[in-house]
Amino acid sequence: MSKTMTKLDQIEAQSIFIFREAYREFKSLAMLWSIGKDSTVLLWLARKAFFGHVPFPLVHIDTSYKIPEMITYRDKLAREWKLNMVYGQNKAALEAKQTFPDGAIDRISCCKALKTEALKHTLAGDWPRYRLNHDSGEYEIDKNTEPYTGVIVGARADEEGSRSKERYFSPRDRNNDWDVGDQPPELWNQFKTDFAPGTHVRIHPLLDWTELNIWEYIDREEIPITGLYFDRGEGKRYRSLGCMPCTSPIDSTAKNVKEVIEELRSGKLKNIAERSGREQDKEDGGGLETLRVDGYM
Amino acid sequence: MTEREQMNVVIVGHVDHGKSTLIGRMLADTHSLPDGKLEQVKAQCARNAKPFEYAFLLDALKDEQSQGITIDTARCFFKSDKRDYIIIDAPGHIEFLKNMVTGAARAEAAMLLIDAKEGIRENSKRHGYMMSFLGIRNITVCVNKMDLVDYSQDVFNDIKERYTAFLKEINLTPRHIIPVSAREGDNIVSLSKKMPWYDGLSALEAFDDFEKAPPRIEKALRFPIQDIYKFTQQGDDRRIFSGRIETGELAVGDEVVFLPSNKHSKVTTVEGFNLPAQQSSFAGQSTGVTLETQIYVKPGEIMCLANQKKPHVSTKFRANLFWMGKQPFVKGKNYKLKLSSQQVPVVLSELVSVLDASELSSIGNKPQVDRHDVAECVLETLKPVAFDEVTTVSETGRFVIVDNYEITGGGIILAPVFDQTSALKTKIKARDHNWQRSEISCSLRSKAYSHNAAFVMITGAKNTGKIALAKALEKKLFEAKKLTYFMGISNDLLATEFGTSDKTLNRVQHIQQLGEIAHVMADAGMILIASISDVDSYELRMLRDLTQPHQTIVVHVGENQFDDEQVDITLPESAATDDAAQTIADHLQKVLLPAPEYSI
């Protein structure tokens, strides 16, 4: 056996190390699973770290506008891998039709309501959490309303400017706010694992991964991801998944993982930012950062 | 496909000496920016009626642009023909030293910038010193803004000479010193005609000239255990010792020893998920192993090979430390030490010297380490830790210190210290010295109550019926007319008093408080009974020391993990409470009989 590590081996080892630090240090730990490729790789890495198990709940924020195939795929994997699956939702905004697709508000405000607010309250446990009952196959209101103090998230440094400044362990204050100007030091793989009551820590095992790494790893590990990422005969595929009204596919004929990797390596997508199909990013010159300071992922 | 090499390089230097500009320029000139990015930023500048600067490419954050300085470490990527780089842009402002350290600690090499016009500044030196501190020996210096000094060779040579001399003092030799102008693009990717007197490497070539560190496999095994997993509920009975191998390698069949506990076993399997069966694992891998024997080891211990050189085990070591905390680092306060995966309470035992890192001069006789100071000191942990000198195995030779939830200090270990004094013993000595005693001596009390005083401590795993046993014992002793008391104060109750949620510090506070209470009660002639879960042998020793001169009698319920001399009575978990209490009472009857002839 060769005793050298490839780039993928190295970032995989670091991600696993971070997962295990998180699991040891945070009593109330959860992982956000957006169903997209990054957080599905994240889920796979959790299984790597814990030898096939995922010993914490997976939280999905369901805006109700997600592409339906995403939800089918979520529940299929949740059953197969026996995941502790939980979702949260801004029921009030949906019922009052206070959303962008209803024409009531703009895109950024809609993201804030359906994602940021729903996330904040689901993490805090003051809005209902719906948990998959593996016996009945249905979602039920979760009895556990304890706030999650450690939240594992699949953010990558190369995605977008503000994310390049993240820490592996990134504290959020009582209001979920991220103080970019005063972040904890991280050195020699010692992270911020101590936190004051009322605050929580976001954990980013994928920080060092690039979009290409994600696809190469999906290929190497044969991770099952949703078919939305591939062209199914229409010359279009999704590069980044979100809500239907605000996400559009890109022109591409990549039909499988290998072809997506080829497309990324060839530089065909070089001119197009990864989140270019995500309309909310374009709204005020710093859409994603505005959202992130408030707790958006 | 052979894989391209990758390297993390940090850019450091005094504030405003052009770090972000250099990176922006490198990205632009190596065509590493996404298409359109340059135009987008230029357009944004035009809209705001300000001149375009390459630094804006990096300053992705709004509040950063408004202040005009890099406040945090940003990462970006660029490629040369030779390898891929992750560039870490570290802030130069002193206020953001902790961010600089964060960036630099991830780096394999550093590029240090000095402004040709401003010359060597405080942080030029401090950052050089921090590089040496952080163990980064791969350094190239760029003397930037050469355009502002008319590309003068004299200016360059003067800075080169003085800075080389400074680096020599801290044992660093730069690979190259390059005159550049990041703004004008001189000597960045190729040599500029404006400095014909310079014939060294361009900045980009100097990147490619950095050397990768040798693999860590050849060193002795250091496998810090992050956690021990057993997912029984999921139908998995493997007991997996997990972590990342820092140095060396291990294989199935290897004899291993855990430190600091010194427990031995043998590797049975190397575990993994979605991997073919493995026989071995090596440095850099996050892995897990199962062992031949069911030994009791806590997370934090370092697994080593029995036939290799082992780390030191001690409660004291000499270290160099830099401090980032708003509150100073002081004596007489408990901090938390994180060293590899070990976490233990630590105190500042001795302050050897405090150094001004920009001048490398000692700052008088300071009683404390202030923010941004660098100090040499002796640290004492409340339990033994396993470590190496940083020069031998850097991965297990460095640590951080946590104060009030925050990482506030970082340090490197110079040498272990072995001596007999400890902070706890000193504290007990002072306590006993200041204790005002009455004419009623211990032996008088023993005679009056017909038994000696003692602290009976019932230990064992959680949920083994310890409290029921303690209560039953109290009842028996009370009915036999002994002066006794069961102290049923829970761990949580004690912990909340300290107002901290830090498990490590709470635990030691709890133990110390329990020991002090035991001492007072025993001094009053009483047989105090208390129960505590999962106590380890160091904590046992601490409790015994605090209770002295009175006896501590240790009753262990369940499978015994201690050495024989540490436990007085071992009871099976299955024993009926009443029988168990009777066994203890009989034992106490024997050992607590007051001496008839002489007094203690």
# chains A, B, ... in the order shown; residues from 1 in each chain; ligands from 1

$ residues_around --residues "Glu12 of chain A" --least-positions-apart "2" --cutoff "10 Å" --atoms "only C-alpha atoms" --output "list in words"
Thr6, Lys7, Leu8, Asp9, Gln10, Gln14, Ser15, Ile16, Phe17, Ile18, Leu42, Leu45, Lys48, Ala49, Pro205, Leu206, Asp208, Trp209 and Tyr217 of chain A; Gln285 and Ser286 of chain B

$ residues_around --residues "His176 of chain B" --least-positions-apart "4" --cutoff "9 Å" --atoms "only C-alpha atoms" --output "list of chain:residue names"
B:Ile139, B:Thr140, B:Val141, B:Cys142, B:Gly200, B:Leu201, B:Ala206

$ write_last_selection --atoms "C-alpha atoms" --output "short mmCIF file (atom, residue, chain, number, x, y, z; two decimals), in the first residue's frame"
data_model
loop_
_atom_site.label_atom_id
_atom_site.label_comp_id
_atom_site.auth_asym_id
_atom_site.auth_seq_id
_atom_site.Cartn_x
_atom_site.Cartn_y
_atom_site.Cartn_z
CA ILE B 139 10.07 32.06 4.56
CA THR B 140 10.57 34.50 1.71
CA VAL B 141 10.64 38.25 2.20
CA CYS B 142 9.24 40.70 -0.37
CA GLY B 200 17.04 36.59 -8.26
CA LEU B 201 13.64 34.91 -8.44
CA ALA B 206 9.82 32.03 -5.06
#

$ residues_around --residues "Thr4 of chain A" --least-positions-apart "5" --cutoff "12 Å" --atoms "only C-alpha atoms" --output "list in words"
Asp9 and Gln10 of chain A; Glu3, Glu5, Pro214, Pro215, Arg216, Ile217, Ser281, Phe282, Ala283, Gly284 and Gln285 of chain B

$ write_last_selection --atoms "C-alpha atoms" --output "mmCIF file, in the first residue's frame"
data_model
loop_
_atom_site.group_PDB
_atom_site.id
_atom_site.type_symbol
_atom_site.label_atom_id
_atom_site.label_comp_id
_atom_site.auth_asym_id
_atom_site.auth_seq_id
_atom_site.Cartn_x
_atom_site.Cartn_y
_atom_site.Cartn_z
ATOM 1 C CA ASP A 9 -7.416 11.906 1.362
ATOM 2 C CA GLN A 10 -6.080 14.950 3.189
ATOM 3 C CA GLU B 3 -2.037 14.656 -8.659
ATOM 4 C CA GLU B 5 0.881 19.234 -5.301
ATOM 5 C CA PRO B 214 9.126 15.663 4.898
ATOM 6 C CA PRO B 215 6.425 13.070 5.671
ATOM 7 C CA ARG B 216 5.746 12.421 9.329
ATOM 8 C CA ILE B 217 5.577 8.665 8.959
ATOM 9 C CA SER B 281 -2.697 3.226 9.168
ATOM 10 C CA PHE B 282 -0.229 6.098 9.072
ATOM 11 C CA ALA B 283 0.421 9.751 9.891
ATOM 12 C CA GLY B 284 -2.211 12.148 8.615
ATOM 13 C CA GLN B 285 -5.023 9.604 8.505
#

$ select_by_dssp --residues "segment 96-210 of chain A" --states "strand (DSSP E or B)" --output "PyMOL selection string"
chain A and resi 130-132+139-141+150-152+169-172+187+190+200-203

$ write_last_selection --atoms "C-alpha atoms" --output "PDB file, in the first residue's frame"
ATOM      1  CA  TYR A 130     -40.751  17.397  12.646  1.00  0.00           C
ATOM      2  CA  ARG A 131     -38.931  14.133  13.108  1.00  0.00           C
ATOM      3  CA  LEU A 132     -39.127  11.054  10.902  1.00  0.00           C
ATOM      4  CA  TYR A 139     -42.912  12.905  10.252  1.00  0.00           C
ATOM      5  CA  GLU A 140     -44.074  13.674  13.797  1.00  0.00           C
ATOM      6  CA  ILE A 141     -43.496  16.616  16.098  1.00  0.00           C
ATOM      7  CA  GLY A 150     -23.345  22.706  17.884  1.00  0.00           C
ATOM      8  CA  VAL A 151     -24.551  22.916  14.279  1.00  0.00           C
ATOM      9  CA  ILE A 152     -22.574  21.233  11.502  1.00  0.00           C
ATOM     10  CA  PHE A 169     -15.655  26.276  14.550  1.00  0.00           C
ATOM     11  CA  SER A 170     -17.480  29.569  14.295  1.00  0.00           C
ATOM     12  CA  PRO A 171     -19.415  31.024  17.243  1.00  0.00           C
ATOM     13  CA  ARG A 172     -22.818  32.668  16.873  1.00  0.00           C
ATOM     14  CA  LEU A 187      -4.362  27.036  15.573  1.00  0.00           C
ATOM     15  CA  GLN A 190      -7.397  23.397  18.352  1.00  0.00           C
ATOM     16  CA  HIS A 200     -23.951  28.234  19.714  1.00  0.00           C
ATOM     17  CA  VAL A 201     -21.180  27.187  17.407  1.00  0.00           C
ATOM     18  CA  ARG A 202     -21.371  26.494  13.672  1.00  0.00           C
ATOM     19  CA  ILE A 203     -19.004  23.763  12.583  1.00  0.00           C
TER      20      ILE A 203
END

$ closest_residue --among "A:Lys27, A:Lys112, A:Lys3, A:His121" --to "chain B" --atoms "only C-alpha atoms"
A:Lys3

$ closest_residue --among "B:Tyr335, B:Phe223, B:Phe258, B:Tyr198" --to "Val400 of chain B" --atoms "only C-alpha atoms"
B:Tyr335

$ atom_distance --atom1 "atom CA of Arg162 of chain B" --atom2 "atom CA of Lys125 of chain B"
10.9 Å
